[in-house]
>>> print(open('structure29.txt').read())   # compact mmCIF, C-alpha atoms
# COMPACT_ATOMS: atom_id res chain seq x y z
CA MET A 1 -20.65 29.25 30.32
CA THR A 2 -23.83 27.22 30.61
CA ARG A 3 -24.08 23.49 31.20
CA LEU A 4 -24.87 22.91 27.52
CA ASP A 5 -21.76 24.90 26.55
CA ARG A 6 -19.63 22.74 28.80
CA TYR A 7 -21.27 19.62 27.40
CA LEU A 8 -20.51 20.60 23.80
CA LEU A 9 -16.99 21.66 24.74
CA ARG A 10 -16.34 18.34 26.48
CA THR A 11 -17.74 16.44 23.51
CA VAL A 12 -15.44 18.23 21.07
CA LEU A 13 -12.37 17.75 23.27
CA LEU A 14 -13.03 14.06 23.90
CA GLY A 15 -13.71 13.46 20.21
CA GLY A 16 -10.55 15.28 19.17
CA PHE A 17 -8.31 13.49 21.65
CA GLY A 18 -9.92 10.13 20.83
CA ALA A 19 -9.25 10.53 17.12
CA LEU A 20 -5.72 11.73 17.90
CA LEU A 21 -5.10 8.59 19.94
CA ALA A 22 -6.28 6.43 17.03
CA PHE A 23 -3.99 8.29 14.62
CA THR A 24 -1.09 7.91 17.08
CA LEU A 25 -1.54 4.14 17.21
CA LEU A 26 -1.61 3.94 13.41
CA ALA A 27 1.51 6.12 13.17
CA LEU A 28 3.33 3.89 15.67
CA ILE A 29 2.51 0.79 13.63
CA PHE A 30 3.55 2.23 10.25
CA LEU A 31 6.71 3.86 11.62
CA PHE A 32 7.73 0.60 13.28
CA ILE A 33 7.18 -1.32 10.03
CA ASP A 34 9.31 1.24 8.18
CA GLU A 35 12.10 1.21 10.77
CA VAL A 36 12.33 -2.46 11.78
CA ASP A 37 14.38 -3.34 8.66
CA ARG A 38 17.27 -1.31 10.12
CA VAL A 39 17.72 -3.60 13.15
CA SER A 40 21.34 -4.64 13.62
CA GLU A 41 23.75 -5.52 16.39
CA THR A 42 24.22 -1.87 17.32
CA TYR A 43 20.77 -0.59 16.33
CA THR A 44 18.76 -3.03 18.45
CA LEU A 45 15.02 -3.62 18.54
CA ALA A 46 14.80 -1.64 21.78
CA LYS A 47 16.41 1.36 20.06
CA VAL A 48 14.04 0.98 17.11
CA LEU A 49 11.07 1.10 19.49
CA ALA A 50 12.57 4.15 21.21
CA PHE A 51 13.12 5.85 17.84
CA VAL A 52 9.51 5.21 16.80
CA ALA A 53 8.14 6.51 20.10
CA LEU A 54 10.28 9.66 19.96
CA THR A 55 9.49 10.57 16.35
CA THR A 56 5.75 9.85 16.44
CA PRO A 57 4.72 13.23 18.00
CA GLY A 58 6.46 15.10 15.18
CA TYR A 59 4.71 13.08 12.48
CA ILE A 60 1.33 13.22 14.20
CA TYR A 61 1.47 17.03 14.16
CA ASP A 62 1.49 16.85 10.35
CA PHE A 63 -1.94 15.18 10.38
CA TYR A 64 -3.24 16.84 13.53
CA PRO A 65 -5.95 18.97 11.80
CA VAL A 66 -7.42 15.93 10.01
CA ALA A 67 -7.51 13.98 13.28
CA ILE A 68 -9.39 16.84 14.95
CA LEU A 69 -11.83 17.06 12.03
CA ILE A 70 -12.63 13.34 12.18
CA GLY A 71 -12.98 13.47 15.97
CA ALA A 72 -15.35 16.44 15.76
CA LEU A 73 -17.44 14.84 13.01
CA LEU A 74 -17.81 11.60 14.94
CA SER A 75 -18.48 13.18 18.34
CA LEU A 76 -20.88 15.87 17.11
CA GLY A 77 -22.40 13.37 14.68
CA ALA A 78 -23.21 11.12 17.64
CA LEU A 79 -25.08 14.03 19.24
CA ALA A 80 -26.94 14.63 16.00
CA SER A 81 -27.90 10.96 15.56
CA GLY A 82 -29.20 10.91 19.13
CA SER A 83 -31.29 14.04 18.44
CA GLU A 84 -29.44 15.91 21.19
CA LEU A 85 -28.61 18.80 18.85
CA ILE A 86 -32.31 19.02 17.89
CA VAL A 87 -33.23 19.25 21.56
CA MET A 88 -30.69 22.03 22.03
CA ARG A 89 -32.17 23.89 19.07
CA ALA A 90 -35.66 23.41 20.52
CA SER A 91 -34.49 24.86 23.83
CA GLY A 92 -33.71 28.14 22.06
CA MET A 93 -30.02 27.78 21.13
CA SER A 94 -29.24 29.05 17.63
CA ILE A 95 -26.71 27.35 15.42
CA LEU A 96 -24.24 30.20 15.85
CA ARG A 97 -24.76 30.02 19.62
CA MET A 98 -24.02 26.28 19.53
CA ALA A 99 -20.92 26.97 17.45
CA ARG A 100 -19.34 29.07 20.19
CA PRO A 101 -18.25 26.21 22.52
CA VAL A 102 -17.21 24.17 19.48
CA VAL A 103 -14.86 26.95 18.32
CA LEU A 104 -13.60 27.35 21.90
CA GLY A 105 -12.78 23.65 21.90
CA GLY A 106 -10.94 24.19 18.62
CA VAL A 107 -8.83 26.94 20.16
CA MET A 108 -7.93 24.67 23.09
CA LEU A 109 -7.06 21.79 20.77
CA ALA A 110 -5.02 24.14 18.59
CA PHE A 111 -3.08 25.32 21.64
CA PHE A 112 -2.42 21.74 22.69
CA GLY A 113 -1.23 20.84 19.19
CA MET A 114 1.04 23.89 19.04
CA LEU A 115 2.49 22.99 22.44
CA VAL A 116 3.32 19.46 21.29
CA GLY A 117 4.53 20.64 17.89
CA GLU A 118 6.94 23.17 19.40
CA THR A 119 8.30 21.12 22.31
CA LEU A 120 7.91 17.34 22.25
CA GLY A 121 7.87 17.02 18.44
CA PRO A 122 11.19 18.77 17.61
CA TRP A 123 12.90 17.40 20.73
CA GLY A 124 11.81 13.86 19.90
CA GLN A 125 12.94 14.16 16.27
CA GLU A 126 16.36 15.51 17.23
CA THR A 127 16.89 13.02 20.06
CA ALA A 128 15.77 10.06 17.94
CA ARG A 129 17.96 10.96 14.97
CA LYS A 130 20.94 11.51 17.23
CA MET A 131 20.38 8.10 18.81
CA ARG A 132 19.98 6.37 15.44
CA ALA A 133 22.98 8.17 13.98
CA GLU A 134 25.20 7.12 16.85
CA ALA A 135 23.88 3.54 16.70
CA THR A 136 24.32 3.11 12.94
CA GLU A 137 27.38 5.33 12.40
CA SER A 138 29.90 5.06 15.22
CA ALA A 139 31.78 8.12 13.92
CA LEU A 140 28.75 10.44 13.88
CA SER A 141 27.38 12.79 16.52
CA VAL A 142 24.65 15.40 16.36
CA ASN A 143 24.23 18.19 18.91
CA THR A 144 22.10 21.32 18.85
CA ARG A 145 24.80 23.59 20.26
CA SER A 146 27.88 22.39 18.38
CA GLY A 147 26.15 21.07 15.25
CA LEU A 148 27.12 17.98 13.25
CA TRP A 149 30.34 16.10 14.03
CA VAL A 150 31.64 13.36 11.70
CA ARG A 151 34.79 11.28 11.93
CA ASP A 152 36.18 9.73 8.75
CA GLY A 153 39.43 7.94 9.58
CA MET A 154 41.74 10.55 11.10
CA ARG A 155 39.63 13.40 9.70
CA PHE A 156 37.13 15.21 11.96
CA VAL A 157 34.49 17.48 10.41
CA ASN A 158 32.20 19.88 12.24
CA ALA A 159 29.34 21.82 10.61
CA ARG A 160 27.44 24.33 12.69
CA ARG A 161 24.34 23.84 10.54
CA ALA A 162 23.42 21.07 8.10
CA VAL A 163 20.84 22.11 5.51
CA VAL A 164 18.61 19.81 3.48
CA GLY A 165 19.81 19.48 -0.09
CA GLY A 166 23.47 18.82 0.78
CA GLN A 167 24.76 22.08 2.27
CA LEU A 168 26.89 22.65 5.35
CA LEU A 169 27.39 26.02 7.01
CA ASP A 170 30.30 27.16 9.21
CA VAL A 171 32.49 24.15 8.45
CA LYS A 172 35.59 23.17 10.40
CA LEU A 173 37.93 20.33 9.48
CA PHE A 174 40.78 18.78 11.50
CA GLU A 175 43.16 16.11 10.19
CA PHE A 176 45.60 14.12 12.32
CA ASP A 177 48.46 11.76 11.55
CA PRO A 178 48.55 8.19 12.95
CA GLN A 179 50.45 9.46 15.99
CA GLY A 180 47.63 11.86 16.83
CA HIS A 181 49.38 15.06 15.76
CA LEU A 182 47.35 17.77 14.03
CA THR A 183 48.47 18.08 10.40
CA ARG A 184 45.76 20.29 8.92
CA SER A 185 42.99 22.58 10.09
CA LEU A 186 40.45 24.24 7.83
CA THR A 187 37.46 26.57 8.10
CA ALA A 188 34.92 27.35 5.38
CA ALA A 189 31.82 29.51 5.29
CA ARG A 190 29.87 26.75 3.56
CA ALA A 191 30.21 23.45 1.73
CA GLU A 192 28.02 22.17 -1.10
CA LEU A 193 27.72 18.53 -2.06
CA THR A 194 28.69 17.60 -5.64
CA LEU A 195 28.87 14.22 -7.32
CA GLN A 196 30.54 11.14 -5.81
CA ASP A 197 30.65 12.36 -2.22
CA ARG A 198 32.78 15.38 -3.07
CA TRP A 199 32.27 18.85 -1.64
CA ASP A 200 32.97 22.36 -2.90
CA LEU A 201 34.19 24.62 -0.08
CA TYR A 202 33.67 28.40 -0.16
CA GLU A 203 35.59 31.19 1.63
CA VAL A 204 38.25 28.81 2.86
CA ALA A 205 41.09 29.40 5.28
CA TYR A 206 43.35 26.46 6.11
CA THR A 207 46.64 25.74 7.79
CA ASP A 208 49.01 22.86 6.96
CA LEU A 209 51.30 21.81 9.77
CA THR A 210 54.36 19.62 9.35
CA ALA A 211 57.39 18.91 11.48
CA ASP A 212 59.43 21.77 10.03
CA ARG A 213 56.95 24.40 8.74
CA VAL A 214 53.47 25.88 8.97
CA VAL A 215 51.63 27.10 5.86
CA ALA A 216 48.51 29.27 6.12
CA VAL A 217 46.39 29.73 2.98
CA THR A 218 43.10 31.48 2.16
CA GLN A 219 41.10 30.73 -0.99
CA PRO A 220 37.63 31.72 -2.23
CA LEU A 221 36.91 28.16 -3.45
CA LEU A 222 38.24 24.64 -3.02
CA GLU A 223 36.61 22.15 -5.37
CA ALA A 224 35.97 18.41 -5.05
CA GLN A 225 37.15 18.06 -1.48
CA SER A 226 36.60 14.88 0.56
CA LEU A 227 34.78 15.46 3.85
CA PHE A 228 32.54 12.46 4.58
CA PRO A 229 29.98 10.27 2.74
CA ALA A 230 26.79 12.13 1.80
CA ARG A 231 24.58 9.35 3.19
CA VAL A 232 25.46 10.62 6.66
CA LEU A 233 23.19 13.61 6.08
CA ASP A 234 20.21 11.34 5.43
CA VAL A 235 20.71 9.85 8.89
CA ALA A 236 21.39 13.04 10.80
CA VAL A 237 19.56 16.03 9.31
CA VAL A 238 16.17 16.97 10.81
CA HIS A 239 13.78 18.12 8.09
CA PRO A 240 12.35 21.66 8.31
CA GLN A 241 8.75 20.61 9.07
CA HIS A 242 9.98 18.82 12.21
CA MET A 243 11.96 21.77 13.60
CA SER A 244 10.75 24.25 16.19
CA LEU A 245 9.89 27.85 15.35
CA PRO A 246 13.01 29.33 17.05
CA ASP A 247 15.27 26.93 15.12
CA LEU A 248 13.50 27.72 11.84
CA ILE A 249 13.84 31.45 12.43
CA ALA A 250 17.54 31.03 13.18
CA TYR A 251 18.07 28.92 10.05
CA VAL A 252 16.23 31.40 7.81
CA GLN A 253 18.21 34.35 9.18
CA HIS A 254 21.51 32.53 8.82
CA LEU A 255 20.80 31.40 5.25
CA GLU A 256 19.66 34.84 4.14
CA GLN A 257 22.65 36.53 5.74
CA ASN A 258 24.85 34.26 3.62
CA ASN A 259 22.77 34.82 0.44
CA LEU A 260 21.62 31.18 0.38
CA ASP A 261 18.25 29.74 -0.60
CA SER A 262 15.97 29.62 2.46
CA THR A 263 12.75 28.65 0.66
CA ALA A 264 12.28 25.22 2.29
CA TYR A 265 12.79 26.64 5.77
CA ARG A 266 10.67 29.74 5.16
CA VAL A 267 7.77 27.58 3.90
CA ALA A 268 8.04 25.36 6.98
CA LEU A 269 8.23 28.45 9.23
CA TRP A 270 5.01 30.03 7.98
CA GLY A 271 3.33 26.63 7.82
CA LYS A 272 3.94 26.26 11.55
CA VAL A 273 2.69 29.79 12.22
CA PHE A 274 -0.66 29.07 10.56
CA ALA A 275 -0.97 25.45 11.72
CA PRO A 276 -3.13 26.32 14.78
CA LEU A 277 -5.57 28.16 12.50
CA SER A 278 -5.96 24.94 10.48
CA VAL A 279 -7.35 23.16 13.54
CA ILE A 280 -10.01 25.84 14.04
CA VAL A 281 -10.81 25.73 10.33
CA MET A 282 -11.39 21.97 10.56
CA LEU A 283 -13.99 22.44 13.29
CA VAL A 284 -15.71 25.25 11.40
CA LEU A 285 -15.87 22.92 8.38
CA ALA A 286 -17.27 20.10 10.51
CA MET A 287 -20.23 22.03 11.90
CA PRO A 288 -22.22 22.57 8.66
CA PHE A 289 -22.00 18.85 7.86
CA VAL A 290 -23.10 17.83 11.34
CA PHE A 291 -26.04 20.24 11.39
CA ALA A 292 -27.00 19.36 7.81
CA SER A 293 -27.15 15.68 8.76
CA GLN A 294 -29.98 16.49 11.19
CA ARG A 295 -32.20 17.59 8.33
CA GLY A 296 -30.89 15.38 5.56
CA GLY A 297 -31.67 12.08 7.24
CA ASN A 298 -28.37 10.54 6.06
CA ALA A 299 -25.70 11.33 8.64
CA GLY A 300 -23.24 8.80 7.20
CA LYS A 301 -23.19 10.52 3.83
CA TRP A 302 -22.46 13.93 5.32
CA LEU A 303 -19.79 12.54 7.62
CA PHE A 304 -18.07 10.92 4.64
CA VAL A 305 -18.24 14.17 2.66
CA GLY A 306 -16.81 16.08 5.62
CA ILE A 307 -13.87 13.69 5.99
CA VAL A 308 -13.14 13.87 2.25
CA LEU A 309 -13.24 17.66 2.46
CA GLY A 310 -10.69 17.56 5.28
CA VAL A 311 -8.35 15.42 3.20
CA VAL A 312 -8.85 17.81 0.26
CA TYR A 313 -7.96 20.72 2.54
CA ILE A 314 -4.73 19.11 3.74
CA THR A 315 -3.75 18.19 0.16
CA PHE A 316 -4.58 21.66 -1.15
CA ASN A 317 -2.65 23.22 1.72
CA ARG A 318 0.46 21.15 0.94
CA ILE A 319 0.27 21.89 -2.79
CA VAL A 320 -0.08 25.65 -2.28
CA ASN A 321 2.68 25.75 0.34
CA PHE A 322 5.21 24.03 -1.89
CA MET A 323 4.12 25.29 -5.30
CA GLY A 324 3.59 28.92 -4.24
CA PRO A 325 7.30 29.81 -3.99
CA VAL A 326 7.91 28.19 -7.40
CA TYR A 327 5.64 30.82 -8.97
CA GLY A 328 6.92 33.68 -6.85
CA VAL A 329 4.17 33.66 -4.21
CA PRO A 330 5.56 34.74 -0.80
CA ALA A 331 5.73 31.91 1.74
CA MET A 332 3.53 33.82 4.20
CA LEU A 333 0.79 34.26 1.61
CA SER A 334 0.93 30.66 0.39
CA ALA A 335 0.73 29.41 3.99
CA SER A 336 -2.19 31.66 4.99
CA MET A 337 -4.27 31.36 1.82
CA PRO A 338 -5.67 27.78 2.24
CA PRO A 339 -6.88 28.13 5.86
CA LEU A 340 -8.40 31.55 5.19
CA ILE A 341 -10.22 30.32 2.06
CA PHE A 342 -11.66 27.27 3.81
CA LEU A 343 -12.49 29.31 6.90
CA ILE A 344 -14.58 31.70 4.79
CA LEU A 345 -16.28 28.75 3.05
CA GLY A 346 -17.06 27.13 6.40
CA LEU A 347 -18.48 30.34 7.87
CA VAL A 348 -20.64 30.92 4.78
CA ALA A 349 -21.97 27.36 4.91
CA LEU A 350 -22.63 27.69 8.63
CA SER A 351 -24.47 31.00 8.23
CA ARG A 352 -26.69 29.54 5.51
CA LEU A 353 -28.02 27.05 8.07
CA ASN A 354 -29.49 29.97 10.01
CA PRO A 355 -33.30 29.96 9.38
CA ALA A 356 -33.37 33.73 8.77
CA VAL A 357 -30.63 33.47 6.14
CA ARG A 358 -32.33 30.51 4.45
CA ALA A 359 -35.61 32.46 4.34
CA ARG A 360 -33.90 35.40 2.62
CA HIS A 361 -32.36 33.09 0.02
CA LYS A 362 -35.74 31.50 -0.71
CA GLN A 363 -37.21 34.92 -1.35
>>> encode(input="structure29.txt", output="structure tokens")
Amino acid sequence: MTRLDRYLLRTVLLGGFGALLAFTLLALIFLFIDEVDRVSETYTLAKVLAFVALTTPGYIYDFYPVAILIGALLSLGALASGSELIVMRASGMSILRMARPVVLGGVMLAFFGMLVGETLGPWGQETARKMRAEATESALSVNTRSGLWVRDGMRFVNARRAVVGGQLLDVKLFEFDPQGHLTRSLTAARAELTLQDRWDLYEVAYTDLTADRVVAVTQPLLEAQSLFPARVLDVAVVHPQHMSLPDLIAYVQHLEQNNLDSTAYRVALWGKVFAPLSVIVMLVLAMPFVFASQRGGNAGKWLFVGIVLGVVYITFNRIVNFMGPVYGVPAMLSASMPPLIFLILGLVALSRLNPAVRARHKQ
């Protein structure tokens, strides 16, 4: 790697991390504004600040590609406005040769984003929601190993997995009398939320215990059972896009084994798989606009167009990811289609900046 390669690589990395820092500060401000209304005697301002700090990495990963695009446009645009890219071209470096360290920087940034998105992001989301749940609901506890625990009076409910949309999997229920004696135990394969905080339980086995007898019963369905208020799920459940890949894989397998809808988790799973490619795509999209600004004489216009294109990419990516399954498109295809389409467009635009290619098109 030559000195110019290292210089371009350093420029891309510093620009990407600088833009990421700016996005992080904005996320902290908006998350704090959204969360500060919840302050109470138990959920103190210090806990609100801790919640915001813990959840920010997970939210930043959602906008990570756009942050990298803006950082690359600004940092490479500064080189273009200072005529440094023109000097590099005059020294014999082709555009494709200059693109090599930029793409390498994209790979490094993608790896960093994936590392944060698979470690600090999910851990922070889970830890923060557990802390908020315990601060706002004294009878609630969330743990990765044992699942969701809720106390409602003398009733204790455990769900191994809580699924968005009001579903609980591997449910256990224990009821006690005022003296602390167990009066009823129940297990169910799953529970589905119905109206007015009532739950339908499937594949149920329960035991009623009294002072003089024990009754064991199995039923395929128990309707309109009282477990706990549904609002608890809004406090405790971590949404699919903020879960790690291993957890998403486990959720998808468990849901499919029980013939349940896994669409939301499958979409989030493949979205995370192709998320690193989105970062590289953003840098490939940035380069044609930066190099075009050298010749066009209006760098600001091209930078604005590049940023708008990045926002269009993120919007298009979200729409395809969530609308694809509605029309029967596999989650893997809907997740891979947007980055591959924009990658091809970026490579075509970059190749057209090559003098030899432009000469052929003029002919």
>>> closest_residue(input="structure29.txt", among="A:Gly15, A:Gly121, A:Gly153, A:Gly106", to="Asp62 (chain A)", atoms="only C-alpha atoms")
A:Gly121
>>> atom_distance(input="structure29.txt", atom1="CA of Ala67 (chain A)", atom2="CA of Val311 (chain A)")
10.2 Å
>>> residues_around(input="structure29.txt", residues="region 51-55 of chain A", least_positions_apart="3", cutoff="9 Å", atoms="all atoms listed in the file", output="number ranges by chain")
A: 27-29, 31-32, 35, 46-48, 58-60, 120-129, 131-132
>>> closest_residue(input="structure29.txt", among="A:Leu25, A:Val204, A:Ala335, A:Val326", to="Thr56 (chain A)", atoms="all atoms listed in the file")
A:Leu25
>>> atom_distance(input="structure29.txt", atom1="CA of Leu104 (chain A)", atom2="CA of Ser83 (chain A)")
22.4 Å
>>> closest_residue(input="structure29.txt", among="A:Ala286, A:Leu14, A:Met243, A:Leu85", to="Arg266 (chain A)", atoms="all atoms listed in the file")
A:Met243
>>> closest_residue(input="structure29.txt", among="A:Val214, A:Leu4, A:Leu227, A:Met108", to="Leu277 (chain A)", atoms="all atoms listed in the file")
A:Met108
>>> closest_residue(input="structure29.txt", among="A:Tyr7, A:Tyr206, A:Phe23, A:Phe316", to="Met88 (chain A)", atoms="all atoms listed in the file")
A:Tyr7
>>> residues_around(input="structure29.txt", residues="region 180-189 of chain A", least_positions_apart="2", cutoff="7 Å", atoms="all atoms listed in the file", output="number ranges by chain")
A: 169-178, 201-210
>>> closest_residue(input="structure29.txt", among="A:Val150, A:Leu73, A:Met1, A:Leu340", to="Gly18 (chain A)", atoms="all atoms listed in the file")
A:Leu73
>>> residues_around(input="structure29.txt", residues="Ile280 (chain A)", least_positions_apart="5", cutoff="10 Å", atoms="all atoms listed in the file", output="number ranges by chain")
A: 65, 68-69, 102-110, 275, 285-286, 339, 343
>>> residues_around(input="structure29.txt", residues="region 252-258 of chain A", least_positions_apart="2", cutoff="12 Å", atoms="only C-alpha atoms", output="count of residues only")
31
>>> axis_aligned_box(input="structure29.txt", around="region 2-14 of chain A", padding_each_side="6 Å", output="AutoDock Vina command-line options")
--center_x -18.6 --center_y 20.6 --center_z 26.1 --size_x 24.5 --size_y 25.2 --size_z 22.1
>>> atom_distance(input="structure29.txt", atom1="CA of Phe111 (chain A)", atom2="CA of Met98 (chain A)")
21.1 Å
>>> residues_near_point(input="structure29.txt", point="(-7.3, 20.2, 0.4)", cutoff="12 Å", atoms="all atoms listed in the file", output="MDAnalysis selection string")
chainID A and resid 65:66 278 281:282 306:321 337:339 341:342
